[in-house]
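Chemist: File follows, upload_9.txt with compact mmCIF, C-alpha atoms and all ligand atoms:
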```
# COMPACT_ATOMS: atom_id res chain seq x y z
CA MET U 1 7.14 -11.02 -5.68
CA LEU U 2 5.84 -7.48 -6.26
CA ASP U 3 8.61 -4.89 -5.89
CA VAL U 4 7.11 -1.64 -4.66
CA VAL U 5 8.55 1.87 -4.57
CA VAL U 6 6.70 4.22 -2.21
CA LEU U 7 6.76 8.00 -2.85
CA VAL U 8 6.21 10.28 0.15
CA SER U 9 6.33 13.96 1.13
CA GLY U 10 5.48 14.14 4.82
CA GLY U 11 4.74 12.22 7.98
CA GLY U 12 4.48 8.87 6.28
CA THR U 13 1.67 7.30 8.29
CA ASN U 14 0.41 5.62 5.12
CA LEU U 15 3.93 4.33 4.46
CA GLN U 16 3.92 2.99 8.04
CA ALA U 17 0.63 1.19 7.41
CA ILE U 18 2.20 -0.47 4.35
CA ILE U 19 5.38 -1.44 6.23
CA ASP U 20 3.32 -2.89 9.12
CA ALA U 21 1.12 -4.88 6.75
CA VAL U 22 4.13 -6.30 4.88
CA GLU U 23 5.78 -7.27 8.19
CA SER U 24 2.62 -8.80 9.68
CA GLY U 25 1.56 -10.67 6.54
CA GLY U 26 -1.45 -8.44 5.83
CA ILE U 27 0.23 -7.77 2.49
CA THR U 28 1.72 -10.88 0.86
CA ASN U 29 4.05 -11.43 -2.14
CA THR U 30 5.40 -7.92 -1.73
CA ARG U 31 8.74 -6.25 -0.98
CA ILE U 32 9.21 -2.53 -0.38
CA ALA U 33 12.21 -1.95 -2.65
CA GLY U 34 12.65 1.72 -1.78
CA VAL U 35 11.17 4.99 -0.59
CA ILE U 36 11.64 8.37 -2.28
CA SER U 37 10.75 11.72 -0.72
CA ASN U 38 10.79 15.13 -2.36
CA ASN U 39 11.34 16.61 1.11
CA LYS U 40 14.53 15.82 3.01
CA ASN U 41 12.83 16.54 6.36
CA ALA U 42 9.94 14.13 5.80
CA TYR U 43 9.52 11.88 8.84
CA ALA U 44 8.61 9.16 6.34
CA LEU U 45 12.34 8.82 5.59
CA GLU U 46 12.99 7.99 9.28
CA ARG U 47 10.28 5.35 9.18
CA ALA U 48 11.96 3.70 6.19
CA LYS U 49 15.36 3.77 7.90
CA LYS U 50 13.96 2.23 11.10
CA HIS U 51 12.72 -0.73 9.09
CA GLY U 52 15.90 -1.18 7.03
CA ILE U 53 14.28 0.05 3.82
CA GLU U 54 16.45 1.96 1.33
CA SER U 55 15.41 5.55 0.83
CA ARG U 56 16.49 8.77 -0.83
CA CYS U 57 15.42 12.35 -1.32
CA VAL U 58 15.00 13.86 -4.79
CA SER U 59 13.75 17.44 -4.48
CA PRO U 60 12.69 19.87 -7.24
CA LYS U 61 14.50 22.53 -5.18
CA ASP U 62 17.86 20.96 -6.07
CA PHE U 63 17.35 21.37 -9.83
CA THR U 64 17.25 24.45 -12.03
CA SER U 65 14.34 23.23 -14.15
CA ARG U 66 11.35 20.90 -13.75
CA GLU U 67 12.60 18.88 -16.76
CA GLU U 68 15.90 18.17 -15.02
CA PHE U 69 14.11 17.18 -11.82
CA ASN U 70 11.68 14.92 -13.71
CA GLU U 71 14.56 13.15 -15.42
CA ARG U 72 16.51 12.55 -12.20
CA PHE U 73 13.36 11.59 -10.31
CA GLN U 74 12.34 9.01 -12.90
CA GLU U 75 15.89 7.59 -12.93
CA ALA U 76 15.80 7.28 -9.13
CA VAL U 77 12.50 5.37 -9.26
CA GLU U 78 13.73 3.10 -12.05
CA GLU U 79 16.87 2.13 -10.18
CA TRP U 80 14.64 -0.10 -8.04
CA LYS U 81 12.83 -1.59 -11.09
CA PRO U 82 9.42 -1.36 -9.42
CA ASP U 83 6.43 -3.47 -10.40
CA LEU U 84 4.22 -0.97 -8.57
CA ILE U 85 4.69 2.68 -7.54
CA VAL U 86 2.64 3.83 -4.53
CA LEU U 87 1.96 7.52 -3.93
CA ALA U 88 1.48 7.73 -0.17
CA GLY U 89 0.89 11.42 0.47
CA PHE U 90 3.20 12.45 -2.39
CA LEU U 91 2.68 16.11 -3.29
CA VAL U 92 4.69 16.38 -6.52
CA VAL U 93 3.10 16.00 -9.97
CA ILE U 94 4.21 12.74 -11.61
CA PRO U 95 5.96 13.36 -14.97
CA PRO U 96 3.75 12.34 -17.96
CA SER U 97 6.50 10.06 -19.32
CA MET U 98 6.42 8.10 -16.06
CA ILE U 99 2.62 7.77 -16.16
CA GLU U 100 2.91 6.45 -19.70
CA ARG U 101 5.68 3.98 -18.80
CA TYR U 102 3.93 2.72 -15.66
CA ARG U 103 0.34 2.74 -16.95
CA ASN U 104 -1.91 1.05 -14.33
CA ARG U 105 1.16 0.42 -12.18
CA ILE U 106 1.01 3.66 -10.14
CA ILE U 107 -1.56 3.98 -7.34
CA ASN U 108 -2.52 6.93 -5.15
CA ILE U 109 -4.45 7.33 -1.91
CA HIS U 110 -6.83 10.30 -1.86
CA PRO U 111 -8.63 11.32 1.36
CA SER U 112 -12.17 11.61 -0.08
CA LEU U 113 -14.74 9.49 -1.86
CA ILE U 114 -13.83 10.39 -5.46
CA PRO U 115 -15.44 12.13 -7.39
CA ALA U 116 -16.29 14.30 -4.36
CA PHE U 117 -13.65 16.75 -3.10
CA CYS U 118 -10.90 15.82 -5.55
CA GLY U 119 -8.94 17.36 -8.40
CA THR U 120 -6.67 20.40 -8.46
CA GLY U 121 -6.41 22.16 -5.10
CA PHE U 122 -7.93 19.31 -3.07
CA TYR U 123 -5.09 17.98 -0.95
CA GLY U 124 -4.32 17.63 2.74
CA LEU U 125 -6.60 19.54 5.12
CA LYS U 126 -8.30 21.39 2.25
CA VAL U 127 -10.25 18.24 1.41
CA HIS U 128 -11.66 17.97 4.92
CA GLU U 129 -12.34 21.70 5.19
CA ALA U 130 -14.39 21.54 1.99
CA ALA U 131 -16.32 18.47 3.19
CA LEU U 132 -17.23 20.15 6.49
CA LYS U 133 -18.15 23.40 4.72
CA ARG U 134 -20.53 21.50 2.43
CA GLY U 135 -22.00 19.66 5.39
CA VAL U 136 -21.70 16.14 3.99
CA LYS U 137 -22.46 13.39 6.50
CA VAL U 138 -20.22 10.71 5.00
CA VAL U 139 -16.65 11.13 3.75
CA GLY U 140 -13.92 8.55 3.14
CA ALA U 141 -10.88 7.62 1.10
CA THR U 142 -10.12 6.23 -2.36
CA VAL U 143 -7.24 4.23 -3.82
CA HIS U 144 -6.99 4.71 -7.58
CA PHE U 145 -4.60 4.20 -10.47
CA VAL U 146 -2.84 7.35 -11.60
CA ASP U 147 -3.50 8.67 -15.10
CA GLU U 148 -2.76 12.04 -16.72
CA GLY U 149 -5.54 13.84 -14.81
CA THR U 150 -5.71 14.80 -11.13
CA ASP U 151 -7.53 12.04 -9.20
CA THR U 152 -9.18 10.81 -12.42
CA GLY U 153 -7.72 7.29 -12.83
CA PRO U 154 -9.56 3.97 -12.36
CA ILE U 155 -10.86 3.51 -8.79
CA ILE U 156 -9.62 0.38 -7.01
CA LEU U 157 -11.04 0.65 -3.46
CA GLN U 158 -13.10 3.13 -1.46
CA LYS U 159 -14.12 3.21 2.19
CA ALA U 160 -16.69 5.49 3.81
CA VAL U 161 -16.30 7.26 7.17
CA GLU U 162 -19.04 9.06 9.15
CA VAL U 163 -18.75 12.78 9.87
CA GLU U 164 -19.47 13.67 13.54
CA PRO U 165 -21.17 16.93 14.60
CA GLN U 166 -18.13 18.26 16.51
CA ASP U 167 -15.57 17.49 13.79
CA THR U 168 -12.83 19.96 12.91
CA PRO U 169 -10.82 19.44 9.68
CA GLU U 170 -7.96 18.02 11.78
CA ILE U 171 -10.17 15.56 13.68
CA LEU U 172 -11.89 14.45 10.49
CA GLN U 173 -8.54 14.03 8.68
CA ARG U 174 -7.31 11.76 11.47
CA ARG U 175 -10.49 9.63 11.45
CA VAL U 176 -10.34 9.24 7.66
CA MET U 177 -6.74 8.07 7.96
CA GLU U 178 -7.41 5.63 10.81
CA GLN U 179 -10.66 4.18 9.51
CA ALA U 180 -10.06 4.29 5.76
CA GLU U 181 -6.61 5.23 4.37
CA TRP U 182 -4.47 2.95 6.53
CA LYS U 183 -6.79 0.04 5.68
CA ILE U 184 -7.51 0.36 1.98
CA LEU U 185 -4.01 1.33 0.83
CA PRO U 186 -2.37 -1.87 2.18
CA GLU U 187 -5.40 -3.87 1.03
CA ALA U 188 -5.09 -2.52 -2.54
CA ILE U 189 -1.38 -3.42 -2.64
CA ASP U 190 -2.16 -6.95 -1.42
CA LEU U 191 -4.88 -7.34 -4.06
CA ILE U 192 -2.52 -6.14 -6.83
CA ALA U 193 0.32 -8.37 -5.55
CA ASN U 194 -1.98 -11.35 -5.76
CA GLY U 195 -3.26 -10.63 -9.26
CA ARG U 196 -6.74 -9.59 -8.17
CA VAL U 197 -6.92 -6.20 -9.88
CA SER U 198 -7.23 -5.59 -13.60
CA VAL U 199 -8.30 -2.62 -15.70
CA SER U 200 -10.89 -2.95 -18.42
CA GLY U 201 -12.60 -0.18 -20.35
CA GLY U 202 -11.02 2.45 -18.09
CA ARG U 203 -12.39 0.84 -14.91
CA ALA U 204 -10.61 -1.26 -12.33
CA VAL U 205 -12.04 -4.74 -11.76
CA VAL U 206 -11.31 -6.19 -8.32
CA SER U 207 -11.87 -9.84 -7.46
CA ARG U 208 -11.61 -10.77 -3.80
C1 LIG U 301 -2.96 11.56 3.59
O1 LIG U 301 -4.12 12.19 4.04
C2 LIG U 301 -3.14 11.17 2.16
O2 LIG U 301 -4.41 10.77 1.83
C3 LIG U 301 -2.84 12.46 1.49
O3 LIG U 301 -1.75 13.01 2.24
C4 LIG U 301 -1.78 12.51 3.55
C5 LIG U 301 -0.47 11.83 3.82
O4 LIG U 301 -0.24 11.50 5.13
N1 LIG U 301 -2.64 12.28 0.08
P1 LIG U 301 1.01 10.60 5.54
O5 LIG U 301 2.28 11.29 5.05
O6 LIG U 301 0.83 9.24 4.95
O7 LIG U 301 0.97 10.56 7.04
```
Please lay out the structure from this file as structure tokens.

Modeler:
Amino acid sequence: MLDVVVLVSGGGTNLQAIIDAVESGGITNTRIAGVISNNKNAYALERAKKHGIESRCVSPKDFTSREEFNERFQEAVEEWKPDLIVLAGFLVVIPPSMIERYRNRIINIHPSLIPAFCGTGFYGLKVHEAALKRGVKVVGATVHFVDEGTDTGPIILQKAVEVEPQDTPEILQRRVMEQAEWKILPEAIDLIANGRVSVSGGRAVVSR
């Protein structure tokens, strides 16, 4: 059984997709051990509560230094002894010591086809604004392992989504979530839970 801790900052629609897949059997061999938000008002925390999943808030705002926050945050994660940590719209930088400890056991969902529109400054609506500004015709989402860089870790799954002529950043963001993020994030967890993902030579190898 894969014990998963999900880290969130906002609405939690990706968390909801994971919860739904666990409950419906779309994800097997997996238990959501806990949810941590850096934002006490995140609706994601309500979603966890509604499904009887333990949750807590650990916010940098409640600590005088980043070091103190990092320490408390890592302790909070480790209390659940996760096999896998899932960043589902989590906007806080993961402490390097945690990346080291959980090498190839932390995954992130990014709302673009990496290496396009990723790295520092590309988060939330900014990703979709940049894609529309550039005039690309296909966008998408990526699930990848987290390493020390920003959106640089081994890529596990990607899914493409068409851009439509009338798209606004908000409309495109929603389509990328519906058609890509909410599908490939649960799918990646299921693949990992069933031993179908390994990392070799810095690349993820997925066997379906
Ligand atoms: C998603 O677009 C995700 O790709 C990005 O942040 C957003 C989170 O949305 N990293 P939600 O909180 O899962 O609804």

Chemist: Between chain U and ligand LIG 301 (chain U), at 6 Å or less, what are the per-residue closest atom pairs and their distances in Å? Count all atoms listed in the file, order by chain and rising residue number, and return it as a tab-separated table.

Modeler:
```
residue	atom	partner	partner_atom	distance
U:Gly10	CA	U:LIG301	O5	4.3
U:Gly11	CA	U:LIG301	O5	3.9
U:Gly12	CA	U:LIG301	O5	3.5
U:Thr13	CA	U:LIG301	O7	3.6
U:Asn14	CA	U:LIG301	O6	3.6
U:Leu15	CA	U:LIG301	O6	5.8
U:Ala88	CA	U:LIG301	O6	5.4
U:Gly89	CA	U:LIG301	O3	3.6
U:Ile109	CA	U:LIG301	O2	5.1
U:His110	CA	U:LIG301	O2	4.4
U:Pro111	CA	U:LIG301	O2	4.3
U:Gly124	CA	U:LIG301	O3	5.3
```

Chemist: Could you check the closest approach to Ala180 in chain U for each of U:Val8, U:Val199, U:Ile32, U:Leu113 and tell me which residue wins, using only C-alpha atoms?

Modeler: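 Looking at the shortest contact to Ala180 in chain U, the residue is U:Leu113.
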
Chemist: So the first atom is CA of Gln166 in chain U and the second is CA of Gln179 in chain U; what is the distance between them in Å, to one decimal place?

Modeler: 17.4 Å

Chemist: Need the neighbours of (11.2, 11.5, 0.3): which residues are at most 9 Å away, counting only C-alpha atoms, as a PyMOL selection string?

Modeler: chain U and resi 6-10+35-45+55-59+90

Chemist: Could you list, as a PyMOL selection string, every residue within 9 Å of Gln16 in chain U, counting only C-alpha atoms and ignoring same-chain residues fewer than 6 positions away?

Modeler: chain U and resi 44+47-48+182

Chemist: What's the separation between CA of Glu162 in chain U and CA of Glu181 in chain U, in Å to one decimal place?

Modeler: 13.9 Å

Chemist: Calculated over only C-alpha atoms, which of the candidates U:Thr142, U:Asn108, U:Thr64, U:Thr150 has the smallest distance to Ile85 in chain U?

Modeler: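 Of U:Thr142, U:Asn108, U:Thr64, U:Thr150, the one nearest Ile85 in chain U, counting only C-alpha atoms, is U:Asn108.
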
Chemist: Restricting the calculation to all atoms listed in the file: of U:Ser200, U:Gly153, U:Asp147, U:Met98, which residue gets closest to Glu71 in chain U?

Modeler: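 For Glu71 in chain U, the nearest of the candidates is U:Met98.
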
Chemist: How far is it from CA of Leu2 in chain U to CA of Ile94 in chain U, in Å with one decimal?

Modeler: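 Straight-line distance from CA of Leu2 in chain U to CA of Ile94 in chain U works out to 21.0 Å.
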
Chemist: Which is closest to Ala21 in chain U among U:Ile189, U:Arg196, U:Gly34, U:Val205, if we use only C-alpha atoms?

Modeler: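 Closest to Ala21 in chain U of all the choices is U:Ile189.
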
Chemist: Between U:Gly195, U:Glu187, U:Leu132, U:Glu23, which one has atoms that come closest to Gln173 in chain U, using all atoms listed in the file?

Modeler: U:Leu132

Chemist: Draw an axis-aligned box over all listed atoms of range 141-151 of chain U, pad each side with 6 Å, and write its centre and edge lengths in Å, one decimal, as AutoDock Vina command-line options.

Modeler:
```
--center_x -6.8 --center_y 9.5 --center_z -7.8 --size_x 20.1 --size_y 22.6 --size_z 29.8
```

Chemist: Nearest residue to Val163 in chain U out of U:Ile18, U:Ala131, U:Ala193, U:Ala188, using all atoms listed in the file?

Modeler: U:Ala131

Chemist: List the neighbours of Phe122 in chain U out to 10 Å using all atoms listed in the file; skip same-chain residues closer than 4 positions along the sequence, and give me the result as a ChimeraX atom specification.

Modeler: /U:110-112,116-118,126-130,150-151

Chemist: As a PyMOL selection string, please: the residues near Phe69 in chain U (cut-off 10 Å, only C-alpha atoms, same-chain neighbours under 5 positions excluded).

Modeler: chain U and resi 58-64+74-75+95

Chemist: If you keep C-alpha atoms, can you produce a file of those selected residues as a tab-separated table (two decimals), keeping the file's coordinate frame?

Modeler:
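Listed below is the output, again-v5.tsv:
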```tsv
chain	number	residue	atom	x	y	z
U	58	VAL	CA	15.00	13.86	-4.79
U	59	SER	CA	13.75	17.44	-4.48
U	60	PRO	CA	12.69	19.87	-7.24
U	61	LYS	CA	14.50	22.53	-5.18
U	62	ASP	CA	17.86	20.96	-6.07
U	63	PHE	CA	17.35	21.37	-9.83
U	64	THR	CA	17.25	24.45	-12.03
U	74	GLN	CA	12.34	9.01	-12.90
U	75	GLU	CA	15.89	7.59	-12.93
U	95	PRO	CA	5.96	13.36	-14.97
```

Chemist: Using all atoms listed in the file, which protein or nucleic acid residues come within 12 Å of Pro165 in chain U? Drop anything in the same chain fewer than 3 positions from it, and give the result as a list in words.

Modeler: Leu132, Gly135, Val136, Lys137, Val138, Glu162, Thr168, Pro169, Ile171 and Leu172 of chain U

Chemist: Generate the output file for the selected residues, C-alpha atoms, as a compact mmCIF listing (two decimals), keeping the file's coordinate frame.

Modeler:
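Below you can see out12.txt, which holds the result:
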```
# COMPACT_ATOMS: atom_id res chain seq x y z
CA LEU U 132 -17.23 20.15 6.49
CA GLY U 135 -22.00 19.66 5.39
CA VAL U 136 -21.70 16.14 3.99
CA LYS U 137 -22.46 13.39 6.50
CA VAL U 138 -20.22 10.71 5.00
CA GLU U 162 -19.04 9.06 9.15
CA THR U 168 -12.83 19.96 12.91
CA PRO U 169 -10.82 19.44 9.68
CA ILE U 171 -10.17 15.56 13.68
CA LEU U 172 -11.89 14.45 10.49
```

Chemist: Fewer than 6 positions away in the same chain doesn't count, so skip those; otherwise give me all residues within 9 Å of Val22 in chain U, counting only C-alpha atoms, as an MDAnalysis selection string.

Modeler: chainID U and resid 28:32 186 190
